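This report concerns only the one structure given below.
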Amino acid sequence: MVLGNAPVSARAHSPHITPEALAEALGVHPLVAAILIARGYDTPARARAFLDPDHYPPTSPFALPDMERAVAVLREAIAQKAPICVWGDFDVDGQTATSVLLLSLRALGAEAFFYIPSRQEHGHGLHEAGLRAVHAQGARVVLTCDCGVSDFEAVQFANQLGLRVVITDHHDPVREGDALRLPEAEAVVNPKRLEADHPLVHLPGVGVAYKLAEALLGAEDAAPLLDLVALGIVADVAWQQGETRYLLQRGLAQLRRSQRVGLQALARSAGVALSSANEDTIGFQLGPRLNAAGRLSTADRAVVLLTTRDEVEAEAIASELEQLNLQRRQLQSAIEQEALAMMQRDPALAQAPVVVLDAPHWHVGLIGTAASALVARLGKPVILISAPPGQVARASARSIEGVDIHAAIAAQAHLLEECGGHPMAAGFTIRSERIPAFREAVAAHVAEQLRARPSAAQETFPVAWRDVGLALAEQLEQLAPFGAGNPRPLLRTEGLQMVRAEPLGAEGRHRALFLRDAAGAINRALWWRSADAPLPDPKDAITLVFTLRREVFNARAQAQIVVHALIFDGQQSLGEPAPALNAQFLISDLRKVPDRYAALRRLLEAHGAHAVQVCSVAERPADLPPALAWRTRAQLQPCALLVVWDAPPGPREFAAMVRRAEPQHVVLLCAEDNVDEPQSVIAHVLGMIKVATRRGDALDDPEVIARMAARINQREDTVRAVIRWHQGEARQREVLRYLLAETRAYRRYVCEAPAEEVLRLP
C-alpha cells in the first residue's frame, strides 16, 4: 500500500472553501472539515447532507426502473386476494429484504408467505423445484428480493406455470455488448439499471425492498422498517454513499429504539444493548448470528425471528442462532487458519493480485465469511472454493475498493458453470479441473484492473500527537457510520520515538506501543498481529499512520489508537485489522492443563495471592492462601489477575465479569463442569426465591436477579424464566429449555475455542 496525500476516491476536488471556513460553517473540528472536503463534501450544503440525514433530500422510490409497474402488479394481486410469495435469499441482506416485503404486504392485507432456497442444496436465486413448490402452495405472484436479475430460464419456467414474477434485486445485470439483458418478468426493479452517479445506485437488496415498501405504504408508514434496513446494509457491506448512507443513518436511529421482539431477543443473546447500537454492533454481533442461520441451517428461522410478535418464539430462535453462531465461528476460524497455512507453504499464492484457494472439505456456507476475514487481513481480493471430489466446486469471492471482482470472474465465463454478484462480492460454480486455469486468468484480469485504476492510496491527515485523545476521537465519530465508501479516516503523525513496547493478547501476538513526540507527549497505540514485525530503535524517528476511535471499556470512554503503518529507518510495517479482541489485558490459556489446582498454585507463587482473584461458584479449597479472593461474578472487585475457573454461561455474563474485575491479566483455567439441567436449575432458583421472599427482596429487582444468577453461574434471563414459570407463566418452561441449551453450547465453546475467539467480548 502506498501512503501519501492522494484522495480517498478517484474523484478530483478543487474545493473553493478551506477546512477552517467549512469547520466554522458547520460547527465541527477543522480535521473533520478537512476530511469532508477530501471526500467530496466541499460545500456546507453537501457536508450537512452527509452528516445529518435531516438535511438529505430523499429520492422518490419511483425513480427506480419498473417501480410503477411493480406496485401496480402487487396492488392488483392484493385486491384480488391472490397469494404472493416473497422469494428471498439466505444472507442477512436477503433475510432483511424478505422481512421488509413480507411485513409491508401483510400490512396492506395481502395473502403473503415467503420462500428462501437452501444455500447447500440450491444456491442463490430462483429454481424450478422451488417455483413448483410455491405454485403448489397457491402463489400467483412471486416477488423476489436480493435475487432474480440473471435467472432467465427460471423466470421463463415461472411464466409457463402462470406465475407473475416481479424482481427486486441489486446484483449486476447481464450485459450483452452495451445493452442489459433482463429476464422476461412483469417488472425488474434494480438500481444497477440507473446511471453510475444516481443516488440510488448503491442500494443493497434490502434498500431496494425498502423503496418498494415506501412506494406501497408511503414514507411515514414504511419508516418503522428501517431497523431491518440498517441490518442488511451493514451486513452486505453496501457502499455507504447517497441514499444508502441516508437509509443507514435513519436505520441505526430506528434500531436503537426498536420494539421488534426478535431483535430484542437477538440483542440479549449477543449481550449487546440496542439503545447504543452502531455499525460495529451489526457487523460483529447481530449480523453474524443472523448469517449463521443461512450458512449452517435454514434462513427461514432468521426471517421468522425478524417478523414474529411472539416473545417466546423469539427467545427460542435467538437461542438457536446463538448456538449456530458459536459453531460458525469455530468452523470459519479453521478455514481461515488453513488458508493462511496454504499461503505460508506456497508464497506465490499470497503474492498474486487475488488470492484463490481451494479445499475439498471447506463448508460451502462459510467460505464467504472466511474470505471477508482474509480480505481484511491481506488487503486484497480473496476467492475461496469448496471442491468436494466428484462434485461441481462452489466459490465465494470478496473484494477491495477499486477492484470489481464480479467483472473479473465473469470475464472467465468460459471456465465457469454459473456466476453472479456485484463489484465487492460474487459467487460461482466451477469444475475442479478448471480451477488452475481460472486462478491464472482471474489473477491477470485483477492485475489489469489494478494497473488501470487511479491511485488507490487512502489519504492521510496530519495531526499533532498532543491532540490525539478522547476529544478528537469524539469529533471524528461525527463522520460515522463508517464502512465501504466511507472508511474510518487515517491520521498521520511524524517525528515520534518509541518509549517501550508491551505484548498483548494470547501468546503475545499483538503489541501496545508507547510513543512520544518531541514535546514529551506520550500515547499508547495498539499494533495487531505484530509479534514478528521489527521494532524501531529508540533513536529512530517514526511516522505513525493510524486510526482513532472512541471506545467504551469498563463503563469508561477512552481513545483507542490503532496502528495502520509504522514507518522508520526507511522501512514500512503495515498494521492489520483488529481481531475484535479486548486487548486491554493479557491472556493466558491454561484450559488444557492436566491439574487445574496445581496450575492455580503456580499462579499464586508467581504473582502473589493478594494480586489474584478467582471467579467461581465452586466451594473454595481449604488449603489455598487466605489472601486469595474466591468470588462469584457479582462479588468481583478490581484486580491485577483474574482467573476464570467456571465456564461462564454466556458472552454478556463473561463481559460483565471482566468489566467488574478490570484485570490487567486474564487466565482461562475453566472446564466444562457445570450441569445445566432444567430440574437442577429450577430447584436452585426456587430455593433462592424462598430466601429472597423471607428477606423481603423484590423478585423483579435487577440487583436481586443478578446476585441469584451469579450464585449459580447462570444467565439472568434463565433466572427470570424460572421466576416467571413459578409465578404461573407455563410457556416459560420452554424458554428455560432453550436458554439452558444455549448455555451448554456456550460453555462448551468457551472450553474448546481459541482464547482470542473466547475473549471477543461484546
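In the C-alpha cells, chains take the letters A, B, ... in the order shown, each chain's residues start at 1, and ligands count up from 1 in the order shown.
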Closest pair table for range 476-561 of chain A residues within 7 Å of range 226-245 of chain A, only C-alpha atoms, as JSON lines:
{"residue": "A:Gly483", "atom": "CA", "partner": "A:Gln240", "partner_atom": "CA", "distance": 6.6}
{"residue": "A:Ala484", "atom": "CA", "partner": "A:Trp239", "partner_atom": "CA", "distance": 5.0}
{"residue": "A:Gly485", "atom": "CA", "partner": "A:Trp239", "partner_atom": "CA", "distance": 5.0}
{"residue": "A:Asn486", "atom": "CA", "partner": "A:Gln240", "partner_atom": "CA", "distance": 6.2}
### Query
Which parts of range 205-323 of chain A does DSSP call alpha helix (DSSP H) when run on the backbone here, written out as a ChimeraX atom specification?
/A:205-217,219-222,226-235,242-256,261-270,279-281,287-296,300-307,311-323
### Task
Have a look at CA of Arg39 in chain A and CA of Thr18 in chain A and let me know their distance in Å, one decimal.
13.6 Å
### Message
Using only C-alpha atoms, which protein or nucleic acid residues come within 7 Å of Arg289 in chain A? Drop anything in the same chain fewer than 5 positions from it, and give the result as a ChimeraX atom specification.
### Response
/A:321-322,325
### Task
Identify, with DSSP run on backbone atoms, the residues in range 262-501 of chain A assigned to strand (DSSP E or B), and express the list as an MDAnalysis selection string.
chainID A and resid 355:359 382:386 393:398 416:422 425:430 459:462 483 486 490:501
### Task
Tell me which of A:Val681, A:Ala341, A:Ala63, A:Ala292 sits closest to Thr369 in chain A, counting only C-alpha atoms.
A:Ala292
